[in-house]
$ cat entry.tsv   # TSV, C-alpha atoms
chain	number	residue	atom	x	y	z
A	1	ARG	CA	0.00	0.00	0.00
A	2	PHE	CA	2.72	2.49	0.99
A	3	LYS	CA	5.36	1.06	-1.39
A	4	ILE	CA	7.86	0.38	1.38
A	5	LYS	CA	10.90	-1.22	-0.26
A	6	LYS	CA	12.32	-2.98	2.76
A	7	TYR	CA	10.34	-4.60	5.54
A	8	TYR	CA	10.71	-7.42	8.05
A	9	LEU	CA	8.41	-10.25	9.05
A	10	ASN	CA	9.46	-9.96	12.68
A	11	SER	CA	11.37	-7.59	14.95
A	12	TYR	CA	14.23	-10.04	15.54
A	13	GLU	CA	15.20	-9.81	11.85
A	14	MET	CA	14.98	-6.03	12.00
A	15	PHE	CA	17.22	-5.68	15.04
A	16	LYS	CA	19.88	-7.83	13.32
A	17	ASP	CA	19.98	-5.46	10.34
A	18	LEU	CA	20.80	-2.01	11.71
A	19	GLN	CA	23.07	-0.74	8.96
A	20	ASP	CA	22.27	2.87	8.06
A	21	VAL	CA	19.56	3.09	10.75
A	22	ASP	CA	19.24	6.63	12.17
A	23	GLY	CA	16.36	5.99	14.54
A	24	PHE	CA	13.12	4.14	15.20
A	25	VAL	CA	9.45	5.03	15.08
A	26	VAL	CA	7.50	2.43	17.05
A	27	ALA	CA	3.71	2.08	16.87
A	28	VAL	CA	2.70	-1.21	18.45
A	29	PRO	CA	0.06	-2.29	21.02
A	30	HIS	CA	0.92	-1.16	24.54
A	31	GLU	CA	1.11	-4.78	25.70
A	32	ILE	CA	4.40	-5.23	23.81
A	33	THR	CA	5.78	-1.70	23.79
A	34	LEU	CA	8.22	-2.24	26.65
A	35	PHE	CA	9.91	-5.04	24.68
A	36	TYR	CA	10.95	-2.40	22.14
A	37	VAL	CA	11.84	0.12	24.84
A	38	LYS	CA	14.33	-2.34	26.38
A	39	LYS	CA	15.85	-3.24	23.00
A	40	ILE	CA	16.26	0.36	21.88
A	41	ILE	CA	17.73	1.52	25.19
A	42	LYS	CA	20.52	-1.06	24.72
A	43	LEU	CA	21.13	0.12	21.15
A	44	GLY	CA	21.24	3.79	22.21
A	45	LEU	CA	19.57	4.95	18.99
A	46	PRO	CA	16.90	7.70	18.98
A	47	ALA	CA	13.31	6.47	19.05
A	48	LEU	CA	9.82	7.95	18.96
A	49	ILE	CA	7.37	5.48	20.53
A	50	GLU	CA	3.59	5.63	20.60
A	51	LYS	CA	2.11	6.80	23.90
A	52	PRO	CA	1.60	5.92	26.66
A	53	LEU	CA	4.14	3.01	26.56
A	54	ALA	CA	2.11	1.06	29.16
A	55	LEU	CA	-1.19	1.35	31.02
A	56	ASN	CA	0.52	0.96	34.41
A	57	HIS	CA	2.79	3.89	35.24
A	58	ASN	CA	4.81	1.76	37.65
A	59	LEU	CA	6.12	-0.27	34.70
A	60	LEU	CA	7.89	2.84	33.44
A	61	LYS	CA	9.88	3.48	36.63
A	62	PRO	CA	13.06	1.70	35.46
A	63	TYR	CA	13.24	3.94	32.37
A	64	LEU	CA	12.55	7.43	33.76
A	65	LYS	CA	16.09	8.71	33.09
A	66	THR	CA	16.25	7.32	29.54
A	67	LYS	CA	17.40	10.02	27.11
A	68	ASN	CA	17.28	8.38	23.69
A	69	ILE	CA	13.54	7.57	23.74
A	70	LYS	CA	10.76	10.11	23.22
A	71	VAL	CA	7.02	9.43	23.52
A	72	ALA	CA	4.54	10.37	20.78
A	73	TYR	CA	2.00	12.74	22.33
A	74	ASN	CA	0.98	14.38	19.05
A	75	ARG	CA	-1.45	16.90	20.61
A	76	ARG	CA	1.59	18.88	21.73
A	77	PHE	CA	2.21	19.66	18.06
A	78	TYR	CA	-1.20	21.07	17.16
A	79	GLY	CA	-0.99	24.65	15.87
A	80	SER	CA	-3.83	25.47	18.27
A	81	VAL	CA	-1.85	24.11	21.25
A	82	LYS	CA	1.17	26.18	20.16
A	83	ASP	CA	-1.09	29.25	20.35
A	84	ALA	CA	-2.23	28.16	23.82
A	85	GLN	CA	1.40	27.85	24.91
A	86	LYS	CA	2.10	31.43	23.79
A	87	PHE	CA	-0.99	32.68	25.65
A	88	VAL	CA	-0.09	30.86	28.88
A	89	SER	CA	3.65	31.66	28.82
A	90	LYS	CA	4.82	33.19	32.12
A	91	LYS	CA	1.30	34.28	33.12
A	92	LYS	CA	0.22	34.00	36.73
A	93	ASN	CA	-3.02	33.76	38.71
A	94	MET	CA	-5.12	32.43	35.83
A	95	MET	CA	-8.27	30.35	36.11
A	96	VAL	CA	-8.37	27.31	33.84
A	97	HIS	CA	-11.37	25.06	33.14
A	98	ILE	CA	-10.73	21.72	31.38
A	99	ASN	CA	-13.51	19.43	30.24
A	100	LEU	CA	-12.59	15.77	29.66
A	101	PRO	CA	-15.62	13.66	28.62
A	102	GLU	CA	-13.86	10.39	27.86
A	103	ILE	CA	-15.86	7.47	26.46
A	104	ILE	CA	-15.85	4.47	28.80
A	105	ASN	CA	-17.41	1.05	28.37
A	106	ASP	CA	-19.17	0.79	31.73
A	107	LYS	CA	-21.08	-2.33	30.66
A	108	ASN	CA	-17.89	-4.36	30.57
A	109	LYS	CA	-17.26	-6.55	33.61
A	110	SER	CA	-13.49	-6.00	33.52
A	111	LYS	CA	-12.52	-2.79	35.31
A	112	LYS	CA	-9.32	-2.65	33.25
A	113	LYS	CA	-11.33	-2.63	30.01
A	114	ILE	CA	-13.93	-0.15	31.31
A	115	TYR	CA	-11.33	2.57	31.83
A	116	LYS	CA	-8.83	1.61	29.12
A	117	ARG	CA	-9.51	4.77	27.09
A	118	VAL	CA	-8.86	6.97	30.12
A	119	LEU	CA	-5.39	5.47	30.42
A	120	SER	CA	-4.65	5.23	26.70
A	121	ASN	CA	-6.38	8.37	25.36
A	122	SER	CA	-7.16	10.84	28.18
A	123	VAL	CA	-3.43	10.90	28.92
A	124	HIS	CA	-3.22	13.37	26.01
A	125	ALA	CA	-5.14	15.97	28.03
A	126	ILE	CA	-3.19	15.26	31.22
A	127	ASP	CA	0.08	15.56	29.30
A	128	LEU	CA	-1.06	18.97	28.01
A	129	ILE	CA	-1.68	20.17	31.57
A	130	TYR	CA	1.95	19.42	32.41
A	131	TYR	CA	3.15	20.75	29.03
A	132	LEU	CA	1.33	24.10	29.19
A	133	PHE	CA	1.61	24.91	32.90
A	134	PHE	CA	4.58	25.19	35.27
A	135	LYS	CA	4.90	22.11	37.49
A	136	PRO	CA	1.23	21.68	38.47
A	137	LYS	CA	0.30	19.62	41.54
A	138	ILE	CA	-3.04	18.16	42.58
A	139	ILE	CA	-4.53	19.98	45.59
A	140	TYR	CA	-8.05	18.49	45.52
A	141	GLN	CA	-9.92	15.54	44.05
A	142	LYS	CA	-13.46	14.23	44.39
A	143	SER	CA	-15.12	11.39	42.47
A	144	VAL	CA	-18.74	10.40	41.80
A	145	TYR	CA	-19.73	6.73	41.92
A	146	ASN	CA	-22.73	4.54	41.32
A	147	LYS	CA	-22.94	0.98	42.65
A	148	ARG	CA	-20.47	-0.33	40.06
A	149	ASN	CA	-18.15	2.34	38.71
A	150	ASN	CA	-16.51	5.71	38.89
A	151	LYS	CA	-18.82	8.03	36.88
A	152	GLY	CA	-16.52	11.03	36.85
A	153	CYS	CA	-14.46	13.34	39.00
A	154	VAL	CA	-13.23	16.86	39.69
A	155	VAL	CA	-9.49	17.43	40.09
A	156	ILE	CA	-7.91	20.79	40.95
A	157	PHE	CA	-4.26	21.54	40.23
A	158	ARG	CA	-2.21	24.56	41.24
A	159	ASP	CA	1.03	25.31	39.41
A	160	LEU	CA	4.06	27.29	40.57
A	161	ASN	CA	2.70	30.41	38.83
A	162	ASN	CA	-0.38	30.21	41.07
A	163	ASN	CA	-2.61	29.22	38.14
A	164	LEU	CA	-5.65	27.24	39.31
A	165	ILE	CA	-6.47	24.41	36.89
A	166	ASN	CA	-9.89	22.79	37.26
A	167	LEU	CA	-10.28	19.44	35.50
A	168	PHE	CA	-13.83	18.10	35.08
A	169	CYS	CA	-14.15	14.47	33.97
A	170	SER	CA	-17.69	13.41	33.16
A	171	TRP	CA	-17.41	10.06	31.44
A	172	ASN	CA	-19.59	9.58	28.34
A	173	SER	CA	-21.00	13.13	28.42
A	174	LYS	CA	-21.97	14.47	24.99
A	175	THR	CA	-19.50	17.31	24.60
A	176	ASN	CA	-16.01	18.12	23.32
A	177	TRP	CA	-12.68	18.06	25.06
A	178	SER	CA	-11.88	21.67	25.92
A	179	PHE	CA	-9.43	23.99	27.67
A	180	LEU	CA	-10.76	27.42	28.74
A	181	ILE	CA	-7.99	29.71	30.02
A	182	ASN	CA	-8.84	33.09	31.58
A	183	ASP	CA	-6.44	35.84	32.55
A	184	LYS	CA	-7.45	39.31	33.78
A	185	ILE	CA	-8.35	40.75	30.38
A	186	SER	CA	-8.80	37.91	27.90
A	187	THR	CA	-9.92	34.35	27.31
A	188	PHE	CA	-8.31	31.58	25.29
A	189	GLU	CA	-10.25	28.46	24.38
A	190	LEU	CA	-9.39	25.12	22.78
A	191	LYS	CA	-12.67	23.42	21.85
A	192	PRO	CA	-12.10	20.84	20.51
A	193	LEU	CA	-8.33	20.78	20.93
A	194	GLU	CA	-7.83	21.33	17.19
A	195	ILE	CA	-9.55	24.75	17.27
A	196	ALA	CA	-8.25	27.82	19.14
A	197	ARG	CA	-10.28	30.95	19.90
A	198	PHE	CA	-9.00	34.13	21.51
A	199	CYS	CA	-11.25	36.96	22.72
A	200	GLN	CA	-11.05	40.08	24.90
A	201	ASN	CA	-14.56	41.52	24.85
A	202	PHE	CA	-18.21	40.54	24.81
A	203	LYS	CA	-20.75	41.73	22.31
A	204	ILE	CA	-24.06	42.71	23.92
A	205	ILE	CA	-27.06	41.32	22.06
A	206	ASN	CA	-30.28	43.06	23.05
A	207	PRO	CA	-33.58	41.22	23.43
A	208	THR	CA	-35.43	40.25	20.25
A	209	ASN	CA	-38.87	38.86	19.50
A	210	THR	CA	-37.33	35.38	19.46
A	211	ILE	CA	-35.00	35.71	22.47
A	212	LYS	CA	-36.52	38.11	24.97
A	213	ILE	CA	-33.49	38.48	27.21
A	214	ARG	CA	-30.17	40.27	26.82
A	215	THR	CA	-27.33	37.91	25.89
A	216	TYR	CA	-23.57	38.23	25.68
A	217	LYS	CA	-21.42	36.76	22.92
A	218	PRO	CA	-17.60	36.67	22.99
A	219	GLU	CA	-15.98	38.80	20.31
A	220	ILE	CA	-13.39	36.47	18.81
A	221	LYS	CA	-10.18	38.31	17.95
A	222	ARG	CA	-8.26	35.32	16.63
A	223	PHE	CA	-9.40	31.95	15.33
A	224	ASN	CA	-7.06	29.10	14.44
A	225	VAL	CA	-8.06	25.70	13.08
A	226	CYS	CA	-5.33	23.05	13.17
A	227	THR	CA	-4.92	22.35	9.44
A	228	GLU	CA	-1.17	22.63	8.86
A	229	ASP	CA	-0.68	18.87	8.46
A	230	ILE	CA	-4.25	17.73	7.99
A	231	LYS	CA	-3.25	15.45	5.07
A	232	PHE	CA	-1.72	13.12	7.67
A	233	LYS	CA	-3.26	13.64	11.10
A	234	PRO	CA	-3.12	16.83	13.17
A	235	GLY	CA	0.23	17.12	14.90
A	236	PHE	CA	1.87	14.15	13.16
A	237	LEU	CA	3.98	16.02	10.60
A	238	ASN	CA	5.29	18.61	13.05
A	239	GLN	CA	6.01	15.85	15.56
A	240	MET	CA	8.04	13.95	12.95
A	241	LEU	CA	9.95	17.09	11.99
A	242	GLU	CA	10.80	17.59	15.66
A	243	PHE	CA	11.90	13.94	15.87
A	244	LYS	CA	14.17	14.48	12.85
A	245	LYS	CA	15.70	17.42	14.72
A	246	PHE	CA	16.16	15.16	17.76
A	247	ILE	CA	17.94	12.53	15.61
A	248	LEU	CA	20.32	15.13	14.21
A	249	SER	CA	21.02	17.14	17.37
A	250	GLY	CA	20.08	14.86	20.27
A	251	LYS	CA	17.98	17.71	21.70
A	252	SER	CA	14.27	18.50	21.89
A	253	ASN	CA	12.26	20.46	24.45
A	254	ARG	CA	8.95	19.66	22.74
A	255	LEU	CA	8.89	15.87	22.44
A	256	ALA	CA	7.58	14.08	25.53
A	257	THR	CA	9.95	12.01	27.65
A	258	ILE	CA	9.25	8.72	29.42
A	259	LYS	CA	9.08	10.75	32.67
A	260	ASN	CA	6.36	12.93	31.08
A	261	SER	CA	4.40	9.82	30.14
A	262	PHE	CA	4.87	8.42	33.65
A	263	ASP	CA	3.43	11.61	35.18
A	264	ALA	CA	0.44	11.67	32.79
A	265	LEU	CA	-0.34	8.00	33.41
A	266	LYS	CA	-0.06	8.40	37.18
A	267	VAL	CA	-2.65	11.20	37.18
A	268	SER	CA	-4.88	9.32	34.70
A	269	LYS	CA	-4.88	6.39	37.11
A	270	LYS	CA	-6.04	8.73	39.89
A	271	LEU	CA	-8.99	9.85	37.75
A	272	ILE	CA	-10.47	6.35	37.91
A	273	SER	CA	-9.31	5.34	41.41
$ encode --input "entry.tsv" --output "structure tokens"
Amino acid sequence: RFKIKKYYLNSYEMFKDLQDVDGFVVAVPHEITLFYVKKIIKLGLPALIEKPLALNHNLLKPYLKTKNIKVAYNRRFYGSVKDAQKFVSKKKNMMVHINLPEIINDKNKSKKKIYKRVLSNSVHAIDLIYYLFFKPKIIYQKSVYNKRNNKGCVVIFRDLNNNLINLFCSWNSKTNWSFLINDKISTFELKPLEIARFCQNFKIINPTNTIKIRTYKPEIKRFNVCTEDIKFKPGFLNQMLEFKKFILSGKSNRLATIKNSFDALKVSKKLIS
């Protein structure tokens, strides 16, 4: 399909033939990811490996100081998230509202399968909290339960810039993932994460025959839809360009580390505990 000239029927053949190999991109099921992590650490070659590496953060502990492996959290490379990073940079005392309505299979009898998407997909949002804000820590958490399962939770973080980050997880709710960031004079919104909106004022809409009350509509000053690499998948091209830079220079402050994935997984586990 993709006209790849050279391929291997198994990884053992591949690891025997490393001539002219600059690095690895690994996209395999999480159940076998750590096999590749161990192999590539020994080789010392650069690698970009699909997140989150494992569903149990404790399994990552032996590899937290690994430098040659980066983890593929592609949401970091959305153009909209880059705008959010510029908006947040060095600001203090902001209020942040994050909505995370992950889909869970609460009819499944296996607890591991019920919350699999929280650990394998919601980690994107948790990673962005740590990526955008300065060393946030959890200061409050409260969950809602029925007789069988965790139905959702509220988690409040505070970072070292005194930004208060409110995370609302309402599993299976019919809404988009979103980040709403408010400073003293303006608002920045990611909703969904691929679309950024920036506004500073509200437009007053007076009552009409249809709507008989006064309403207020944000005046959007800037609007950015993540389309720069839409031919692939949002974030993928820019992530690969950053990985190329990492292969050539050995440096990257944008690609996620195993420690970053460990932190995101640890918090994701708390969301369902």
$ residues_around --input "entry.tsv" --residues "Thr187 in chain A" --least-positions-apart "5" --cutoff "6 Å" --atoms "all atoms listed in the file" --output "list in words"
Ile181, Asn182, Phe198 and Cys199 of chain A
$ residues_near_point --input "entry.tsv" --point "(-9.9, 19.9, 32.1)" --cutoff "9 Å" --atoms "all atoms listed in the file" --output "JSON, numbers by chain"
{"A": [96, 97, 98, 99, 100, 125, 126, 129, 154, 155, 165, 166, 167, 168, 169, 177, 178, 179, 180]}
$ atom_distance --input "entry.tsv" --atom1 "CA of Pro46 in chain A" --atom2 "CA of Thr66 in chain A"
10.6 Å
$ closest_residue --input "entry.tsv" --among "A:Ile185, A:Leu193, A:Met14, A:Val28" --to "Lys91 in chain A" --atoms "all atoms listed in the file"
A:Ile185
$ residues_around --input "entry.tsv" --residues "Gln200 in chain A" --least-positions-apart "4" --cutoff "12 Å" --atoms "only C-alpha atoms" --output "list in words"
Ile181, Asn182, Asp183, Lys184, Ile185, Ser186, Thr187, Phe188, Glu189, Lys217, Pro218, Glu219, Ile220, Lys221 and Arg222 of chain A
$ atom_distance --input "entry.tsv" --atom1 "CA of Lys135 in chain A" --atom2 "CA of Asn161 in chain A"
8.7 Å
$ closest_residue --input "entry.tsv" --among "A:Lys259, A:Ser268, A:Gln141, A:Tyr8" --to "Pro62 in chain A" --atoms "all atoms listed in the file"
A:Lys259
$ atom_distance --input "entry.tsv" --atom1 "CA of Leu64 in chain A" --atom2 "CA of Asn10 in chain A"
27.5 Å
$ closest_residue --input "entry.tsv" --among "A:Ile4, A:Val118, A:Val25, A:Val267" --to "Pro136 in chain A" --atoms "only C-alpha atoms"
A:Val267
$ closest_residue --input "entry.tsv" --among "A:Leu255, A:Leu128, A:Met240, A:Cys153" --to "Phe24 in chain A" --atoms "all atoms listed in the file"
A:Met240
$ closest_residue --input "entry.tsv" --among "A:Leu60, A:Ile41, A:Val26, A:Leu48" --to "Ile258 in chain A" --atoms "all atoms listed in the file"
A:Leu60
$ closest_atom_pairs --input "entry.tsv" --of "range 35-60 of chain A" --to "range 72-78 of chain A" --cutoff "9 Å" --atoms "only C-alpha atoms" --output "JSON lines"
{"residue": "A:Leu48", "atom": "CA", "partner": "A:Ala72", "partner_atom": "CA", "distance": 6.1}
{"residue": "A:Ile49", "atom": "CA", "partner": "A:Ala72", "partner_atom": "CA", "distance": 5.7}
{"residue": "A:Glu50", "atom": "CA", "partner": "A:Ala72", "partner_atom": "CA", "distance": 4.8}
{"residue": "A:Lys51", "atom": "CA", "partner": "A:Ala72", "partner_atom": "CA", "distance": 5.3}
{"residue": "A:Pro52", "atom": "CA", "partner": "A:Ala72", "partner_atom": "CA", "distance": 7.9}
$ closest_residue --input "entry.tsv" --among "A:Ser252, A:Asn224, A:Asn172, A:Ser273" --to "Lys82 in chain A" --atoms "all atoms listed in the file"
A:Asn224
$ axis_aligned_box --input "entry.tsv" --around "range 111-115 of chain A" --padding-each-side "5 Å" --output "AutoDock Vina command-line options"
--center_x -11.6 --center_y -0.1 --center_z 32.7 --size_x 14.6 --size_y 15.4 --size_z 15.3
$ build_atoms --input "entry.tsv" --residues "range 218-253 of chain A" --atoms "N, CA and C atoms" --output "short mmCIF file (atom, residue, chain, number, x, y, z; two decimals), keeping the file's coordinate frame"
data_model
loop_
_atom_site.label_atom_id
_atom_site.label_comp_id
_atom_site.auth_asym_id
_atom_site.auth_seq_id
_atom_site.Cartn_x
_atom_site.Cartn_y
_atom_site.Cartn_z
N PRO A 218 -19.02 36.29 23.07
CA PRO A 218 -17.60 36.67 22.99
C PRO A 218 -17.24 37.20 21.60
N GLU A 219 -16.49 38.28 21.57
CA GLU A 219 -15.98 38.80 20.31
C GLU A 219 -14.62 38.15 20.03
N ILE A 220 -14.61 37.24 19.09
CA ILE A 220 -13.39 36.47 18.81
C ILE A 220 -12.40 37.32 18.02
N LYS A 221 -11.22 37.50 18.59
CA LYS A 221 -10.18 38.31 17.95
C LYS A 221 -9.28 37.46 17.04
N ARG A 222 -9.13 36.20 17.42
CA ARG A 222 -8.26 35.32 16.63
C ARG A 222 -8.84 33.92 16.64
N PHE A 223 -8.80 33.27 15.49
CA PHE A 223 -9.40 31.95 15.33
C PHE A 223 -8.41 31.09 14.55
N ASN A 224 -8.06 29.95 15.08
CA ASN A 224 -7.06 29.10 14.44
C ASN A 224 -7.54 27.66 14.42
N VAL A 225 -7.70 27.10 13.22
CA VAL A 225 -8.06 25.70 13.08
C VAL A 225 -6.80 24.93 12.70
N CYS A 226 -6.56 23.84 13.37
CA CYS A 226 -5.33 23.05 13.17
C CYS A 226 -5.40 22.32 11.83
N THR A 227 -4.85 22.94 10.78
CA THR A 227 -4.92 22.35 9.44
C THR A 227 -3.55 22.21 8.78
N GLU A 228 -2.48 22.56 9.51
CA GLU A 228 -1.17 22.63 8.86
C GLU A 228 -0.67 21.29 8.35
N ASP A 229 -1.10 20.19 8.96
CA ASP A 229 -0.68 18.87 8.46
C ASP A 229 -1.87 17.93 8.39
N ILE A 230 -2.99 18.47 7.97
CA ILE A 230 -4.25 17.73 7.99
C ILE A 230 -4.24 16.56 7.00
N LYS A 231 -3.33 16.57 6.01
CA LYS A 231 -3.25 15.45 5.07
C LYS A 231 -2.82 14.16 5.76
N PHE A 232 -2.16 14.30 6.91
CA PHE A 232 -1.72 13.12 7.67
C PHE A 232 -2.69 12.93 8.84
N LYS A 233 -2.42 13.58 9.92
CA LYS A 233 -3.26 13.64 11.10
C LYS A 233 -2.74 14.81 11.90
N PRO A 234 -3.62 15.64 12.48
CA PRO A 234 -3.12 16.83 13.17
C PRO A 234 -1.98 16.51 14.14
N GLY A 235 -0.91 17.28 14.02
CA GLY A 235 0.23 17.12 14.90
C GLY A 235 1.29 16.15 14.43
N PHE A 236 0.93 15.21 13.54
CA PHE A 236 1.87 14.15 13.16
C PHE A 236 3.08 14.68 12.40
N LEU A 237 2.86 15.53 11.41
CA LEU A 237 3.98 16.02 10.60
C LEU A 237 4.95 16.84 11.44
N ASN A 238 4.42 17.78 12.22
CA ASN A 238 5.29 18.61 13.05
C ASN A 238 6.02 17.78 14.10
N GLN A 239 5.36 16.74 14.60
CA GLN A 239 6.01 15.85 15.56
C GLN A 239 7.17 15.11 14.90
N MET A 240 6.97 14.66 13.65
CA MET A 240 8.04 13.95 12.95
C MET A 240 9.19 14.89 12.61
N LEU A 241 8.88 16.12 12.26
CA LEU A 241 9.95 17.09 11.99
C LEU A 241 10.77 17.37 13.25
N GLU A 242 10.09 17.41 14.39
CA GLU A 242 10.80 17.59 15.66
C GLU A 242 11.65 16.35 15.99
N PHE A 243 11.13 15.17 15.64
CA PHE A 243 11.90 13.94 15.87
C PHE A 243 13.15 13.91 14.98
N LYS A 244 13.01 14.39 13.74
CA LYS A 244 14.17 14.48 12.85
C LYS A 244 15.24 15.39 13.48
N LYS A 245 14.78 16.49 14.03
CA LYS A 245 15.70 17.42 14.72
C LYS A 245 16.38 16.72 15.89
N PHE A 246 15.61 15.89 16.61
CA PHE A 246 16.16 15.16 17.76
C PHE A 246 17.22 14.15 17.30
N ILE A 247 16.96 13.48 16.16
CA ILE A 247 17.94 12.53 15.61
C ILE A 247 19.24 13.24 15.27
N LEU A 248 19.13 14.41 14.67
CA LEU A 248 20.32 15.13 14.21
C LEU A 248 21.09 15.82 15.33
N SER A 249 20.37 16.33 16.33
CA SER A 249 21.02 17.14 17.37
C SER A 249 21.05 16.48 18.75
N GLY A 250 20.18 15.48 18.94
CA GLY A 250 20.08 14.86 20.27
C GLY A 250 19.33 15.71 21.27
N LYS A 251 18.69 16.79 20.79
CA LYS A 251 17.98 17.71 21.70
C LYS A 251 16.55 17.97 21.23
N SER A 252 15.64 18.08 22.17
CA SER A 252 14.27 18.50 21.89
C SER A 252 13.59 18.87 23.20
N ASN A 253 13.02 20.07 23.27
CA ASN A 253 12.26 20.46 24.45
C ASN A 253 10.75 20.37 24.21
#
